[in-house]
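K.L.:
Here you go, one structure.
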Amino acid sequence: MKYFLQRLAFYLFTAWAAITINFFIPRLIPGDPVMALINKNRGQIDSHAIASLYILFGLNKHQSLWSQYTAYLAKLAHGDLGISFSNFPTPVSTILVNALPWTICLAGAATIISFALGTFLGVLSGWLRGSRLDFLLPVTTFISSIPAFWLGLLTVATVIAVGSTFPVSGGYDPGLIPHADTTFIGSAIEHSWLPLAMLVVTTMSGWILSMRNMMVTVGSEDYITVAHAKGLSDRRVMFNYAARNALLPNVSGFSLAIGQILGSTVLVEIVFNYPGVGYMMLQAVGSTDYPLMQGVFLCITLAVLLANLLADIAYLILDPRTRKEG
């Protein structure tokens with residue numbers, strides 16, 4: 001319990017630091033977003049509404065920075081992320097609610113599949129070292145050295161060059177309305193195959209390498225020899241004894257890999273015009289939409305922290321030494 005409370009306190013402090021940085025960075029960027037919005041909508045925004053826009057966007061120049069900061073925290077506590085400049089007057093929270101499910105499904109599926117498949121292949125490669133499975137490591141390492149977005153661009157160019165009708169852009173077929181029916185879900189799954197494949201093949205080698213090395217190390221331990229001497233089946237020794245103990249470093253690496261996969265997901269979404277948070281980030285940067293950038297950054301930060309906390313909990317469950325020290 002002590003270990004859990006320490007990690008929880010650390011993540012709460014990190015979340016506060018991220019929120020604070022999220023508040024100050026847009027205010028340090030040169031430019032006036034309100035004037036940019038007025039210039040963009042020249043003739044359609046009453047000049048008398050300028051002061052109201054500053055207050056609406058949380059940029060009231062008559063307020064001290066501390067007052068703006070406390071007001072920002074108060075609004076954040078109520079889930080208010082402000083108004084999007086480029087989609088005025090749509091709230092940022094509404095835009096993120098529409099984009100988040102796409103990113104969560106894509107990044108979540110890529111993380112789970114990459115971890116499970118890479119760990120399983122690492123177990124087999126380490127246990128059966130010297131077999132034909134040894135080719136896995138150099139091949140997957142070479143593929144992982146290629147950035148996911150670059151591999152995505154090559155894939156899109158190849159699909160178009162061969163004249164395939166396989167979808168390489170968007171999250172679903174044009175003309176469909178997002179709805180929980182089989183037609184839309186089938187179209188969404190079909191459009192997600194290529195982005196998902198790019199993320200999995202470029203992140204899988206790390207799991208294979210770490211798991212293979214740990215299996216080689218664990219395989220020489222005395223308790224493995226004892227398990228063989230007891231007459232247990234090779235499959236039971238491999239999974240129940242060797243793989244279970246070799247898995248702990250991979251669980252620790254899982255939390256670190258989530259940040260990497262989220263970063264890759266943002267770029268892959270841009271390549272495939274996938275309607276997730278990464279695509280929203282591209283639009284926000286292109287239109288200097290500070291509130292939307294803040295919202296995207298905050299979502300990614302909190303998602304990484306939550307995933308790290310869950311990984312710590314999993315480590316606490318799997319490793320009895322951690323529970324004993326706590």
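For the structure tokens, the naming scheme is as follows: chains receive sequential letters (A, B, ...) according to their order of presentation, residues are indexed from 1 within each chain, and ligands are indexed from 1 in presentation order.
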For A:Tyr223, find every residue with an atom within 12 Å (counting only C-alpha atoms), except residues of its own chain fewer than 3 positions away, and show them as a VMD selection string.

P.N.:
chain A and resid 218 to 220 226 to 230 232 237 to 238 240 to 242 245

K.L.:
How would the residues just picked look written out with all heavy atoms as an mmCIF file, in the first residue's frame?

P.N.:
```
data_model
loop_
_atom_site.group_PDB
_atom_site.id
_atom_site.type_symbol
_atom_site.label_atom_id
_atom_site.label_comp_id
_atom_site.auth_asym_id
_atom_site.auth_seq_id
_atom_site.Cartn_x
_atom_site.Cartn_y
_atom_site.Cartn_z
ATOM 1 N N VAL A 218 16.879 -16.310 -17.494
ATOM 2 C CA VAL A 218 16.082 -17.100 -16.554
ATOM 3 C C VAL A 218 16.259 -18.595 -16.817
ATOM 4 O O VAL A 218 16.236 -19.410 -15.879
ATOM 5 C CB VAL A 218 14.592 -16.695 -16.666
ATOM 6 C CG1 VAL A 218 13.709 -17.654 -15.885
ATOM 7 C CG2 VAL A 218 14.400 -15.280 -16.154
ATOM 8 N N GLY A 219 16.491 -18.951 -18.083
ATOM 9 C CA GLY A 219 16.619 -20.373 -18.427
ATOM 10 C C GLY A 219 17.786 -21.072 -17.752
ATOM 11 O O GLY A 219 17.793 -22.307 -17.643
ATOM 12 N N SER A 220 18.776 -20.292 -17.298
ATOM 13 C CA SER A 220 19.937 -20.908 -16.639
ATOM 14 C C SER A 220 19.823 -20.918 -15.123
ATOM 15 O O SER A 220 20.762 -21.312 -14.433
ATOM 16 C CB SER A 220 21.206 -20.150 -17.049
ATOM 17 O OG SER A 220 21.131 -18.789 -16.633
ATOM 18 N N VAL A 226 15.564 -27.495 -11.580
ATOM 19 C CA VAL A 226 14.783 -28.304 -10.641
ATOM 20 C C VAL A 226 13.426 -28.671 -11.244
ATOM 21 O O VAL A 226 12.942 -29.804 -11.102
ATOM 22 C CB VAL A 226 14.609 -27.548 -9.312
ATOM 23 C CG1 VAL A 226 13.647 -28.295 -8.389
ATOM 24 C CG2 VAL A 226 15.958 -27.369 -8.624
ATOM 25 N N ALA A 227 12.811 -27.692 -11.929
ATOM 26 C CA ALA A 227 11.502 -27.955 -12.540
ATOM 27 C C ALA A 227 11.602 -29.050 -13.598
ATOM 28 O O ALA A 227 10.725 -29.925 -13.705
ATOM 29 C CB ALA A 227 10.966 -26.664 -13.166
ATOM 30 N N HIS A 228 12.688 -29.019 -14.388
ATOM 31 C CA HIS A 228 12.902 -30.082 -15.377
ATOM 32 C C HIS A 228 13.119 -31.418 -14.679
ATOM 33 O O HIS A 228 12.614 -32.469 -15.114
ATOM 34 C CB HIS A 228 14.112 -29.745 -16.251
ATOM 35 C CG HIS A 228 13.810 -28.768 -17.336
ATOM 36 N ND1 HIS A 228 12.879 -28.992 -18.322
ATOM 37 C CD2 HIS A 228 14.325 -27.537 -17.600
ATOM 38 C CE1 HIS A 228 12.829 -27.963 -19.151
ATOM 39 N NE2 HIS A 228 13.704 -27.052 -18.723
ATOM 40 N N ALA A 229 13.904 -31.388 -13.565
ATOM 41 C CA ALA A 229 14.219 -32.627 -12.836
ATOM 42 C C ALA A 229 12.966 -33.250 -12.218
ATOM 43 O O ALA A 229 12.903 -34.464 -12.029
ATOM 44 C CB ALA A 229 15.253 -32.338 -11.751
ATOM 45 N N LYS A 230 11.972 -32.407 -11.908
ATOM 46 C CA LYS A 230 10.720 -32.919 -11.339
ATOM 47 C C LYS A 230 9.855 -33.608 -12.388
ATOM 48 O O LYS A 230 8.803 -34.170 -12.074
ATOM 49 C CB LYS A 230 9.927 -31.768 -10.703
ATOM 50 C CG LYS A 230 10.566 -31.269 -9.393
ATOM 51 C CD LYS A 230 9.942 -29.975 -8.939
ATOM 52 C CE LYS A 230 8.480 -30.176 -8.557
ATOM 53 N NZ LYS A 230 7.904 -28.905 -8.061
ATOM 54 N N LEU A 232 8.395 -32.054 -15.012
ATOM 55 C CA LEU A 232 7.346 -31.199 -15.578
ATOM 56 C C LEU A 232 7.537 -31.067 -17.082
ATOM 57 O O LEU A 232 8.670 -31.129 -17.586
ATOM 58 C CB LEU A 232 7.379 -29.818 -14.921
ATOM 59 C CG LEU A 232 7.153 -29.792 -13.405
ATOM 60 C CD1 LEU A 232 7.292 -28.366 -12.870
ATOM 61 C CD2 LEU A 232 5.778 -30.345 -13.057
ATOM 62 N N VAL A 237 7.135 -25.602 -17.931
ATOM 63 C CA VAL A 237 8.314 -24.916 -17.389
ATOM 64 C C VAL A 237 8.523 -23.589 -18.117
ATOM 65 O O VAL A 237 8.840 -22.561 -17.497
ATOM 66 C CB VAL A 237 9.564 -25.814 -17.533
ATOM 67 C CG1 VAL A 237 10.812 -25.058 -17.079
ATOM 68 C CG2 VAL A 237 9.405 -27.088 -16.720
ATOM 69 N N MET A 238 8.319 -23.601 -19.440
ATOM 70 C CA MET A 238 8.556 -22.392 -20.236
ATOM 71 C C MET A 238 7.599 -21.260 -19.832
ATOM 72 O O MET A 238 8.030 -20.135 -19.591
ATOM 73 C CB MET A 238 8.381 -22.719 -21.724
ATOM 74 C CG MET A 238 8.536 -21.513 -22.643
ATOM 75 S SD MET A 238 8.542 -21.932 -24.390
ATOM 76 C CE MET A 238 6.911 -22.626 -24.617
ATOM 77 N N ASN A 240 5.004 -21.297 -17.184
ATOM 78 C CA ASN A 240 4.660 -21.104 -15.775
ATOM 79 C C ASN A 240 5.845 -20.705 -14.906
ATOM 80 O O ASN A 240 5.669 -20.061 -13.873
ATOM 81 C CB ASN A 240 4.032 -22.380 -15.203
ATOM 82 C CG ASN A 240 2.665 -22.641 -15.794
ATOM 83 O OD1 ASN A 240 2.295 -22.034 -16.787
ATOM 84 N ND2 ASN A 240 1.919 -23.536 -15.181
ATOM 85 N N TYR A 241 7.055 -21.086 -15.309
ATOM 86 C CA TYR A 241 8.227 -20.790 -14.483
ATOM 87 C C TYR A 241 9.108 -19.716 -15.123
ATOM 88 O O TYR A 241 9.375 -18.671 -14.504
ATOM 89 C CB TYR A 241 9.051 -22.066 -14.242
ATOM 90 C CG TYR A 241 8.370 -23.048 -13.306
ATOM 91 C CD1 TYR A 241 7.335 -23.870 -13.760
ATOM 92 C CD2 TYR A 241 8.757 -23.155 -11.982
ATOM 93 C CE1 TYR A 241 6.702 -24.757 -12.916
ATOM 94 C CE2 TYR A 241 8.137 -24.050 -11.121
ATOM 95 C CZ TYR A 241 7.115 -24.860 -11.590
ATOM 96 O OH TYR A 241 6.483 -25.733 -10.743
ATOM 97 N N ALA A 242 9.571 -19.969 -16.331
ATOM 98 C CA ALA A 242 10.522 -19.044 -16.961
ATOM 99 C C ALA A 242 9.839 -17.745 -17.418
ATOM 100 O O ALA A 242 10.257 -16.646 -17.054
ATOM 101 C CB ALA A 242 11.203 -19.738 -18.137
ATOM 102 N N ASN A 245 8.564 -15.180 -14.661
ATOM 103 C CA ASN A 245 9.600 -14.375 -14.009
ATOM 104 C C ASN A 245 10.304 -13.439 -14.986
ATOM 105 O O ASN A 245 10.763 -12.364 -14.596
ATOM 106 C CB ASN A 245 10.626 -15.297 -13.347
ATOM 107 C CG ASN A 245 10.054 -15.999 -12.140
ATOM 108 O OD1 ASN A 245 9.848 -15.392 -11.097
ATOM 109 N ND2 ASN A 245 9.750 -17.288 -12.284
#
```

K.L.:
Near A:Thr155, counting only C-alpha atoms, which residues have an atom at most 12 Å away, once you skip same-chain residues fewer than 6 positions from it, shown as a list in words?

P.N.:
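Here the qualifying residues turn out to be Ala148, Phe149, Ala161, Val162, Ser164, Phe166, Pro167, Val168, Ser169, Trp193, Leu194, Pro195, Ala197, Met198, Val268, Val271 and Phe272 of chain A.
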
K.L.:
Check the smallest atom-to-atom distance from each of A:Arg244, A:His191, A:Arg235, A:Arg7 to A:Met214 using only C-alpha atoms, then report the winner.

P.N.:
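When distances to A:Met214 are compared using only C-alpha atoms, the smallest one comes from A:Arg244.
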
K.L.:
With a distance cut-off of 9 Å and only C-alpha atoms, select the neighbouring residues of stretch 93-106 of chain A, excluding the residue or stretch itself and same-chain residues fewer than 4 positions from it, and output the selection as a PyMOL selection string.

P.N.:
chain A and resi 79-84+87+110-111+171+192+195-196+199+262+265-266+269+274-280+292+295-296+299

K.L.:
For A:Thr165, find every residue with an atom within 12 Å (counting only C-alpha atoms), except residues of its own chain fewer than 6 positions away, and show them as a list in words.

P.N.:
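So the residues in contact are Val156, Thr158, Val159, Asp173, Glu190 and His191 of chain A.
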
K.L.:
Restrict the selected residues to C-alpha atoms and save them as a PDB file, in the first residue's frame.

P.N.:
```
ATOM      1  CA  VAL A 156       0.024   4.397 -48.959  1.00  0.00           C
ATOM      2  CA  THR A 158       2.333   1.178 -52.692  1.00  0.00           C
ATOM      3  CA  VAL A 159      -1.406   0.616 -52.251  1.00  0.00           C
ATOM      4  CA  ASP A 173     -16.248   5.444 -45.816  1.00  0.00           C
ATOM      5  CA  GLU A 190     -11.363  -1.766 -42.455  1.00  0.00           C
ATOM      6  CA  HIS A 191      -9.897   1.771 -42.361  1.00  0.00           C
TER       7      HIS A 191
END
```

K.L.:
Separation of atom CA of A:Leu282 and atom CA of A:Ala188, in Å?

P.N.:
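Separating atom CA of A:Leu282 from atom CA of A:Ala188 is a distance of 21.1 Å.
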
K.L.:
Which of stretch 105-232 of chain A end up as alpha helix (DSSP H) when DSSP is run on this backbone - answer as number ranges by chain?

P.N.:
A: 105-127, 136-144, 148-161, 182-219, 222-229

K.L.:
Would you mind telling me which residue in A:Asn273, A:Thr90, A:Gln260, A:Gln283 lies nearest to A:Pro147 when using only C-alpha atoms?

P.N.:
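Among the listed residues, A:Gln260 lies closest to A:Pro147.
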
K.L.:
Tell me which protein, DNA and RNA residues are within 10 Å of A:Ile143, counting only C-alpha atoms, leaving out same-chain ones fewer than 5 positions away, and put them as a list in words.

P.N.:
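After dropping sequence-adjacent residues, the list is Pro138, Ala148, Leu151, Met198, Val201, Thr202, Thr203, Met204 and Ser205 of chain A.
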
K.L.:
Quick check, in Å to one decimal: how far apart do atom CA of A:Ala243 and atom CA of A:Leu128 lie?

P.N.:
12.7 Å

K.L.:
Measuring between only C-alpha atoms, which one of A:Ile317, A:Ala74, A:Tyr172, A:Trp66 shows the shortest distance to A:Gly186?

P.N.:
A:Tyr172

K.L.:
Could you check how far atom CA of A:Phe13 sits from atom CA of A:Asn308, in Å to one decimal?

P.N.:
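Between these atoms lies a distance of 13.7 Å.
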
K.L.:
Could you give me, as a ChimeraX atom specification, the residues within 10 Å of A:Asn213, counting only C-alpha atoms and dropping anything in the same chain fewer than 3 positions from it?

P.N.:
/A:122-123,125-127,208-210,216-219,246
